[in-house]
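Q: TSV, C-alpha atoms, file protein33.tsv:
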chain	number	residue	atom	x	y	z
J	1	MET	CA	58.12	110.66	123.25
J	2	ALA	CA	61.67	109.69	122.78
J	3	VAL	CA	63.81	109.62	125.85
J	4	LYS	CA	67.37	110.63	125.28
J	5	GLU	CA	69.79	108.35	127.01
J	6	LYS	CA	72.85	110.05	128.31
J	7	GLU	CA	76.01	108.46	127.02
J	8	VAL	CA	78.32	107.67	129.85
J	9	LYS	CA	81.81	108.87	129.00
J	10	GLN	CA	84.36	106.19	129.64
J	11	PRO	CA	87.53	107.42	131.29
J	12	LEU	CA	90.68	107.17	129.20
J	13	PRO	CA	92.83	104.28	130.41
J	14	PRO	CA	96.45	105.00	131.38
J	15	ILE	CA	98.63	105.85	128.40
J	16	GLY	CA	100.85	102.82	128.99
J	17	ALA	CA	97.90	100.54	128.25
J	18	TRP	CA	97.25	101.74	124.71
J	19	ALA	CA	100.21	103.83	123.49
J	20	PRO	CA	102.47	100.88	122.52
J	21	ALA	CA	99.67	99.24	120.52
J	22	LEU	CA	98.83	102.55	118.85
J	23	ALA	CA	102.46	103.30	117.98
J	24	LEU	CA	103.12	99.81	116.65
J	25	SER	CA	99.89	99.95	114.70
J	26	TRP	CA	101.08	103.11	112.97
J	27	LEU	CA	104.56	101.74	112.27
J	28	ILE	CA	103.45	98.33	111.00
J	29	PRO	CA	99.91	97.98	109.65
J	30	GLY	CA	98.19	95.39	111.86
J	31	GLY	CA	101.10	95.49	114.31
J	32	GLY	CA	98.92	96.70	117.18
J	33	HIS	CA	96.59	93.76	116.63
J	34	PHE	CA	99.53	91.35	116.74
J	35	LEU	CA	100.66	92.94	120.02
J	36	LEU	CA	97.15	92.55	121.44
J	37	LYS	CA	97.00	88.89	120.36
J	38	ARG	CA	94.45	89.49	117.59
J	39	THR	CA	96.64	87.68	115.08
J	40	GLY	CA	93.96	86.79	112.52
J	41	ARG	CA	92.76	90.36	112.19
J	42	GLY	CA	96.35	91.61	112.18
J	43	ILE	CA	97.23	89.36	109.24
J	44	PHE	CA	94.27	90.62	107.21
J	45	LEU	CA	95.06	94.26	107.99
J	46	LEU	CA	98.75	93.80	107.18
J	47	ALA	CA	97.97	92.03	103.92
J	48	ALA	CA	95.27	94.48	102.75
J	49	ILE	CA	97.09	97.71	103.63
J	50	THR	CA	100.54	96.57	102.47
J	51	THR	CA	99.22	95.18	99.18
J	52	MET	CA	97.28	98.38	98.56
J	53	PHE	CA	100.39	100.49	99.22
J	54	VAL	CA	102.58	98.30	96.99
J	55	CYS	CA	99.97	98.46	94.20
J	56	GLY	CA	100.09	102.27	94.55
J	57	LEU	CA	103.88	102.19	94.16
J	58	MET	CA	103.65	99.86	91.16
J	59	MET	CA	101.16	102.20	89.53
J	60	ARG	CA	103.74	104.96	90.09
J	61	GLY	CA	101.50	107.06	92.29
J	62	ALA	CA	102.85	110.36	93.58
J	63	MET	CA	103.52	111.12	97.24
J	64	PHE	CA	102.10	114.39	98.56
J	65	GLN	CA	104.31	117.08	100.08
J	66	PRO	CA	102.86	119.73	102.40
J	67	GLN	CA	102.34	122.96	100.48
J	68	SER	CA	100.92	126.28	101.46
J	69	GLY	CA	98.95	128.58	99.22
J	70	ASP	CA	95.22	128.87	98.84
J	71	LEU	CA	92.99	126.87	101.17
J	72	LEU	CA	92.28	124.04	98.71
J	73	THR	CA	95.97	123.55	97.83
J	74	THR	CA	96.93	123.48	101.51
J	75	LEU	CA	94.09	121.11	102.36
J	76	ILE	CA	94.79	118.65	99.54
J	77	ASN	CA	98.56	118.56	99.88
J	78	THR	CA	98.79	118.60	103.66
J	79	GLY	CA	95.93	116.10	103.98
J	80	GLY	CA	97.52	113.89	101.34
J	81	PHE	CA	100.88	114.08	103.11
J	82	ILE	CA	99.28	113.03	106.41
J	83	GLY	CA	97.52	110.18	104.56
J	84	ASP	CA	100.82	109.02	103.04
J	85	LEU	CA	102.66	109.33	106.36
J	86	ALA	CA	99.99	107.27	108.14
J	87	SER	CA	101.23	104.18	106.31
J	88	GLY	CA	104.15	104.09	108.75
J	89	ILE	CA	107.13	101.97	107.77
J	90	LEU	CA	105.78	101.50	104.23
J	91	TYR	CA	105.98	105.25	103.60
J	92	LEU	CA	109.29	105.69	105.43
J	93	MET	CA	110.94	102.79	103.59
J	94	SER	CA	109.78	103.94	100.18
J	95	VAL	CA	111.07	107.47	100.81
J	96	TRP	CA	114.36	106.22	102.31
J	97	LEU	CA	114.86	103.90	99.33
J	98	GLY	CA	114.48	106.86	96.99
J	99	TYR	CA	110.94	106.57	95.66
J	100	ASN	CA	110.26	109.96	94.16
J	101	GLN	CA	107.56	109.90	91.54
J	102	PRO	CA	106.51	113.27	90.16
J	103	ASP	CA	102.80	113.89	89.76
J	104	MET	CA	101.98	112.96	86.17
J	105	ALA	CA	98.86	113.04	84.06
J	106	GLY	CA	97.25	109.66	83.50
J	107	ALA	CA	94.56	107.47	85.01
J	108	VAL	CA	96.92	104.79	86.31
J	109	HIS	CA	99.22	107.32	88.05
J	110	ASP	CA	96.18	108.98	89.55
J	111	TYR	CA	94.83	105.68	90.85
J	112	GLY	CA	98.29	104.96	92.27
J	113	THR	CA	98.30	108.25	94.18
J	114	LYS	CA	94.86	107.44	95.60
J	115	PHE	CA	95.95	103.91	96.54
J	116	LEU	CA	98.94	105.31	98.47
J	117	VAL	CA	96.83	107.81	100.41
J	118	THR	CA	94.00	105.35	101.04
J	119	ALA	CA	96.42	102.75	102.41
J	120	GLY	CA	97.43	105.34	105.02
J	121	LEU	CA	93.81	106.25	105.80
J	122	LEU	CA	92.95	102.57	106.24
J	123	ASN	CA	95.90	102.28	108.60
J	124	ILE	CA	94.42	105.12	110.67
J	125	LEU	CA	91.22	103.03	110.97
J	126	ALA	CA	93.35	100.07	112.06
J	127	MET	CA	95.07	102.31	114.64
J	128	VAL	CA	91.72	103.40	116.07
J	129	ASP	CA	90.63	99.75	116.23
J	130	ALA	CA	93.85	98.80	118.05
J	131	PHE	CA	93.32	101.69	120.48
J	132	GLU	CA	89.76	100.57	121.25
J	133	ILE	CA	90.88	96.99	121.85
J	134	ALA	CA	93.78	98.13	124.08
J	135	ALA	CA	91.47	100.47	126.01
J	136	GLY	CA	89.02	97.62	126.64
J	137	ARG	CA	86.20	99.23	124.65
J	138	LYS	CA	86.11	96.48	122.08
J	139	GLU	CA	86.85	92.76	122.01
F	19	MET	CA	109.85	97.62	90.90
F	20	PRO	CA	107.70	96.46	87.97
F	21	LYS	CA	105.15	98.86	86.64
F	22	MET	CA	101.51	97.92	86.93
F	23	ASN	CA	99.09	98.94	84.23
F	24	LEU	CA	95.49	98.42	85.21
F	25	SER	CA	92.23	99.35	83.55
F	26	HIS	CA	89.77	101.57	85.40
F	27	PHE	CA	87.72	98.53	86.32
F	28	GLU	CA	90.66	96.52	87.64
F	29	ALA	CA	91.94	99.44	89.73
F	30	ALA	CA	88.47	100.17	91.15
F	31	PHE	CA	87.93	96.46	91.84
F	32	LEU	CA	91.19	96.21	93.80
F	33	PHE	CA	90.41	99.44	95.65
F	34	ALA	CA	86.98	98.07	96.65
F	35	LEU	CA	88.50	94.77	97.77
F	36	PHE	CA	91.15	96.29	100.05
F	37	VAL	CA	88.82	98.88	101.57
F	38	SER	CA	86.10	96.25	102.17
F	39	VAL	CA	88.53	93.96	104.01
F	40	VAL	CA	89.65	96.73	106.37
F	41	MET	CA	86.13	98.14	106.86
F	42	GLY	CA	84.84	94.68	107.71
F	43	ILE	CA	87.58	94.08	110.26
F	44	VAL	CA	87.47	97.40	112.10
F	45	THR	CA	83.75	98.07	112.31
F	46	LYS	CA	82.14	94.92	113.75
F	47	GLN	CA	82.45	92.86	116.90
F	48	THR	CA	82.15	89.26	115.76
F	49	ASP	CA	83.82	87.38	112.90
F	50	ARG	CA	80.44	86.57	111.36
F	51	ASP	CA	79.40	90.25	111.36
F	52	ARG	CA	82.82	91.24	110.00
F	53	LEU	CA	82.46	88.84	107.07
F	54	HIS	CA	78.93	90.01	106.34
F	55	TYR	CA	79.84	93.68	106.53
F	56	GLY	CA	82.93	93.17	104.35
F	57	ILE	CA	80.83	91.43	101.68
F	58	TYR	CA	78.12	94.09	101.99
F	59	THR	CA	80.65	96.92	101.58
F	60	PHE	CA	82.23	95.20	98.58
F	61	ALA	CA	78.80	94.67	96.99
F	62	CYS	CA	77.98	98.37	97.51
F	63	PHE	CA	81.23	99.34	95.79
F	64	MET	CA	80.41	97.05	92.86
F	65	VAL	CA	76.86	98.42	92.51
F	66	ALA	CA	78.22	101.97	92.55
F	67	LEU	CA	80.98	101.04	90.09
F	68	PHE	CA	78.67	99.46	87.52
F	69	GLY	CA	75.88	101.98	88.16
F	70	LEU	CA	78.11	105.01	87.66
F	71	GLY	CA	79.82	103.30	84.71
F	72	TRP	CA	76.51	102.81	82.92
F	73	LEU	CA	75.35	106.29	83.90
F	74	MET	CA	78.45	107.83	82.33
F	75	TYR	CA	78.10	105.60	79.25
F	76	LEU	CA	74.45	106.51	78.72
F	77	GLY	CA	75.00	110.15	79.63
F	78	HIS	CA	77.79	110.44	77.10
F	79	GLY	CA	75.37	109.65	74.29
Show me this structure written as structure tokens.

A:
Amino acid sequence: MAVKEKEVKQPLPPIGAWAPALALSWLIPGGGHFLLKRTGRGIFLLAAITTMFVCGLMMRGAMFQPQSGDLLTTLINTGGFIGDLASGILYLMSVWLGYNQPDMAGAVHDYGTKFLVTAGLLNILAMVDAFEIAAGRKE
Amino acid sequence: MPKMNLSHFEAAFLFALFVSVVMGIVTKQTDRDRLHYGIYTFACFMVALFGLGWLMYLGHG
């Protein structure tokens, strides 16, 4: 008979302990790891996420804009926008510098769009990792 | 910015590479486990890529 072990909920550390790492991690991919002295991991995260985002730009991927309408349209466009925005400074810089690629038919453009969104989603994983390190839940 | 024209395989290969690096880093506790998991994830992507590629080729007739 399996005995269920109760997971002990760890209390959330004070916001000052993890918020700077989380914010920096969003702004600069791997930035939170640099702040927490995990330089090696930070370099890999910065390189992988930035290169993926730049590849997406070079493939002329489209950026999502939040749109309302039916459920699927709202979900895809709002979710895509959040994914793009999660890239932090990469997204902000590309928008500020005038990157405005319309959504076009074609495999390469489509891959580019997916690269841009995935770079942001990978940055969210990096943010969660930085949070766990800052909160003392992970080495 | 120069335009990049990649084949399906090249784009999927790069996608697998970047995702594997990040997945390896964020999921495991030690460097050894990170390396192993990164390689494992990349291998899974490659198996799926070639498997689905052949499946579509054979299914197309």

Q: Within 12 Å of (91.0, 101.3, 90.6) (coordinates as in the file), grab all the protein and nucleic acid residues, counting all atoms listed in the file, and write them out as a PyMOL selection string.

A: (chain J and resi 52+55-56+59+107-116+118) or (chain F and resi 22-37+63-64+67)

Q: Go ahead and compute the interatomic distance for atom CA of Pro20 of chain F and atom CA of Met58 of chain J, in Å to one decimal.

A: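 Atom CA of Pro20 of chain F sits 6.2 Å away from atom CA of Met58 of chain J.
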
Q: Please compute the atom CA of Gly71 of chain F-atom CA of Val39 of chain F distance, one decimal, in Å.

A: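 One can read the atom CA of Gly71 of chain F to atom CA of Val39 of chain F distance as 23.1 Å.
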
Q: Listed atoms of segment 56-61 of chain F, axis-aligned box, 4 Å per side: centre and edge lengths to one decimal in Å, as JSON?

A:
{"center_x": 80.5, "center_y": 94.2, "center_z": 100.7, "size_x": 12.8, "size_y": 13.5, "size_z": 15.4}

Q: Using Å and a single decimal, report how far atom CA of Thr78 of chain J sits from atom CA of Pro66 of chain J.

A: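 Rounded to one decimal, the two atoms are 4.4 Å apart.
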
Q: Using all atoms listed in the file, find the one residue out of F:Lys21, F:Arg50, F:Val44, F:Cys62 that sits nearest to Leu125 of chain J.

A: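 The closest residue to Leu125 of chain J is F:Val44.
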
Q: With all atoms listed in the file as the counted atoms, please give the residues lying no more than 10 Å from Ala19 of chain J, apart from itself and same-chain residues fewer than 2 positions off, as a list in words.

A: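 The filter keeps Pro14, Ile15, Gly16, Ala17, Ala21, Leu22, Ala23, Leu24, Ser25, Gly32, Ala130, Phe131, Ala134 and Ala135 of chain J.
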